[in-house]
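*Asks:* One structure, as structure tokens, below. Some questions next.
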Amino acid sequence: MHIAVAGAGWSGCHIALELAGHGHRVLLIEREADIFNGVSGSFGIRLHKGPHYPRSRATRDLCATSLQRFCARYPELVVEHEAAVYAQGSLDAIGQPSKVSGDVFDAVCHESPECRRIDPGEWGYRNLEAAYDLDEPSAILGGRLRDYFRARLAAAGVEVRCRRQVLEAHQAGGRVRLALDDGECVEVDRLVNATGYQSLVAPAGPVLDVVYQVCLGLQYEDSQPGQKPISFIVMDGWFPCLMPCVDDHRPSPRNYVLTHGSYTILGSFPTPGQAQALLDSLDDGFVESRVRPLSEQQMCRFWPGFRPRLRYTGWKGVVLAKLRTRSEFRSSVVFEQAGIIHVFPGKITHVLPAGDEVLALLEDRDCIVKDGLRHVRGGVLDRARGEIVEKPQAGEANTADLQTHEMLRSTEHV
């Protein structure tokens, strides 16, 4: 078949390679100037083993089953860590305890067999109930990632068109007619929407409750880099997270990004356009006077050595689509609606099972239709439906409800 894939981030590029490998003719369309120029190229860092989602069994299960496959498929893009610490904070930024008990967090971390409990004081940490070191890697970003996939896509015969966007898609006579933003019309057999669920989106009914969030990453340079990077993540609530950004070939990784469970998630909106408008309105003054001090303060509560060691260098921001669920479910979900196969973004390693499900839908292998969505029997949407449809209870804190920008603006003069 002749298949178009809209969006050239992790999902789009991996799925394009999968389709080409199965003999299909593939057209990959990207609205940015280059592939991996959006979320995947700047925020696609974490290769999760599972502990980041202690309340979402479905997300942890998919992380556990897909990480090994990912590392075998893309070994050149995997960054091993000197230490990958998951910690349980005593109290979060609003004075609330972790959303899970110590026993639950211990059990979740030990789902990784190599997990070892560490002494927070010996490692220079404070205000933690417990801390664990896992063998959890991260992924390459930026130019190295783009170079790798450019070569792979070219070798697979995938046609890549950047600076193009699919504005509309219509089914007619068993084909799909695409209207591009340059006025060109293209006919293909099928269309895969891998835009991060930010364009070509139709109402998904009662199952998928989607919000679009403005997410920031505060950037730092390490003054004491080792041969391998570190990561430090405090769970589960409004806590900080530090991850490496390896985007060049220097032997000692220096670049890191700091995020926070609430302070760097500036708003949640019903449409990507509303979220983008807020992102476009931000400037250095607001980020560096309001977001950065609070985020650094929270990191230093748990790791006092953070500020002396890491130097602030700037910030970056993106718009992310998230499902609003009580468990903070974050797996990739694949379904077909109105002739378009949609890939709702999850974690990086989830691109492999997402690719499997796209192929199953194309080949009509054990597919079902429920609530107007065609999907794979036994796939993520089928198995995790219970988590996906369960929404936060009244008054229950949830990242999909955050409006941090409004909160920071209202306290600006306090």
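Ligands are numbered from 1 in the order shown, residues from 1 within each chain, and chains are lettered A, B, ... in the order they appear in the structure tokens.
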Which region 58-129 of chain A residues have any atom within 12 Å of an atom of region 361-381 of chain A, and for each, what is the nearest pair of atoms with distance in Å to one decimal, counting only C-alpha atoms, rows sorted by chain and number, as a Markdown table?

*Replies:*
| residue | atom | partner | partner_atom | distance |
| --- | --- | --- | --- | --- |
| A:Ala58 | CA | A:Val380 | CA | 8.2 |
| A:Thr59 | CA | A:Val380 | CA | 9.4 |
| A:Asp61 | CA | A:Val380 | CA | 10.3 |
| A:Leu62 | CA | A:Val380 | CA | 8.4 |
| A:Cys63 | CA | A:Val380 | CA | 11.8 |

*Asks:* For Leu28 (chain A), work out the shell of residues within 9 Å, counting only C-alpha atoms and skipping chain neighbours fewer than 2 positions away, then give it as a ChimeraX atom specification.

*Replies:* /A:3-8,12-13,16,26,30,158-162

*Asks:* Since we have the selection now, will you write its residues out, keeping N, CA and C atoms, as a compact mmCIF listing (two decimals), in the first residue's frame?

*Replies:*
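Saved to out.txt:
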# COMPACT_ATOMS: atom_id res chain seq x y z
N ILE A 3 1.20 4.52 1.92
CA ILE A 3 0.74 4.98 3.23
C ILE A 3 1.43 6.30 3.57
N ALA A 4 0.66 7.27 4.00
CA ALA A 4 1.22 8.54 4.49
C ALA A 4 1.26 8.49 6.01
N VAL A 5 2.34 9.00 6.57
CA VAL A 5 2.49 9.14 8.01
C VAL A 5 2.69 10.62 8.30
N ALA A 6 1.80 11.21 9.07
CA ALA A 6 1.91 12.63 9.42
C ALA A 6 2.60 12.74 10.77
N GLY A 7 3.73 13.46 10.79
CA GLY A 7 4.48 13.65 12.03
C GLY A 7 5.75 12.83 12.03
N ALA A 8 6.91 13.51 12.13
CA ALA A 8 8.20 12.81 12.05
C ALA A 8 8.96 12.92 13.36
N GLY A 12 6.23 8.65 14.45
CA GLY A 12 6.16 8.70 13.01
C GLY A 12 7.34 8.04 12.33
N CYS A 13 8.54 8.32 12.80
CA CYS A 13 9.74 7.77 12.15
C CYS A 13 9.84 6.26 12.36
N ALA A 16 7.13 4.62 10.22
CA ALA A 16 7.51 4.69 8.80
C ALA A 16 8.50 3.58 8.46
N VAL A 26 6.03 4.46 1.61
CA VAL A 26 5.73 5.36 2.73
C VAL A 26 6.11 6.79 2.41
N GLU A 30 6.18 16.12 7.60
CA GLU A 30 6.51 16.81 8.85
C GLU A 30 6.37 18.33 8.66
N VAL A 158 12.00 5.60 2.42
CA VAL A 158 10.88 6.42 2.87
C VAL A 158 11.04 7.84 2.29
N GLU A 159 9.99 8.34 1.65
CA GLU A 159 10.01 9.71 1.15
C GLU A 159 9.66 10.65 2.30
N VAL A 160 10.54 11.62 2.57
CA VAL A 160 10.33 12.55 3.68
C VAL A 160 10.11 13.95 3.12
N ARG A 161 8.99 14.56 3.51
CA ARG A 161 8.71 15.95 3.12
C ARG A 161 8.56 16.78 4.39
N CYS A 162 9.51 17.67 4.61
CA CYS A 162 9.44 18.59 5.75
C CYS A 162 8.84 19.93 5.29

*Asks:* Can you list every residue of region 119-209 of chain A that has an atom at most 8 Å from region 290-311 of chain A, with its nearest atom pair and the distance in Å to one decimal, using only C-alpha atoms, ordered by chain then number, as a tab-separated table?

*Replies:*
residue	atom	partner	partner_atom	distance
A:Gly124	CA	A:Trp303	CA	6.4
A:Tyr125	CA	A:Trp303	CA	4.7
A:Arg126	CA	A:Phe302	CA	4.7
A:Asn127	CA	A:Phe302	CA	5.7
A:Leu128	CA	A:Phe302	CA	6.9

*Asks:* For His2 (chain A), work out the shell of residues within 8 Å, counting only C-alpha atoms and skipping chain neighbours fewer than 6 positions away, then give it as a PDB file with C-alpha atoms, in the first residue's frame.

*Replies:*
ATOM      1  CA  HIS A  24       4.744  -0.582   1.888  1.00  0.00           C
ATOM      2  CA  ARG A  25       5.500   2.645   0.053  1.00  0.00           C
ATOM      3  CA  VAL A  26       5.727   5.356   2.729  1.00  0.00           C
ATOM      4  CA  LEU A  27       5.403   9.137   2.587  1.00  0.00           C
ATOM      5  CA  VAL A 188      -2.815   7.425  -0.510  1.00  0.00           C
ATOM      6  CA  ASP A 189      -4.288   4.121   0.597  1.00  0.00           C
ATOM      7  CA  ARG A 190      -4.097   4.898   4.322  1.00  0.00           C
TER       8      ARG A 190
END

*Asks:* What gap, in Å, lies between CA of Pro272 (chain A) and CA of Val319 (chain A)?

*Replies:*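 A separation of 7.0 Å between them.
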
*Asks:* Using only C-alpha atoms, which residue out of A:Glu168, A:Asp34, A:Ala400, A:Pro353 lies closest to Val201 (chain A)?

*Replies:*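 Under the stated criterion, the closest residue is A:Glu168.
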
*Asks:* Go ahead and compute the interatomic distance for CA of Val246 (chain A) and CA of Ala20 (chain A), in Å to one decimal.

*Replies:* 28.5 Å

*Asks:* Quick check for you: according to DSSP on this backbone, which residues of region 87-252 of chain A are classed as helix (DSSP H, G or I)? Reply as JSON, numbers by chain.

*Replies:* {"A": [102, 103, 104, 105, 106, 107, 108, 109, 142, 143, 144, 145, 146, 147, 148, 149, 150, 151, 152, 153, 154, 155, 156]}

*Asks:* Quick one: distance from CA of Asp147 (chain A) to CA of Asp247 (chain A) in Å, one decimal?

*Replies:*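 Distance between the two atoms: 10.8 Å.
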
*Asks:* Could you tell me, as a PyMOL selection string, which residues of region 225-377 of chain A DSSP assigns to strand (DSSP E or B) when given the backbone?

*Replies:* chain A and resi 230-235+240-244+255-260+265-269+310-323+333-337+340-344+367-370+373-376

*Asks:* Could you check which of A:Ala204, A:Leu67, A:Ala154, A:Cys241 is closest to His342 (chain A), using only C-alpha atoms?

*Replies:*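 That would be A:Ala204, the residue with the smallest distance to His342 (chain A).
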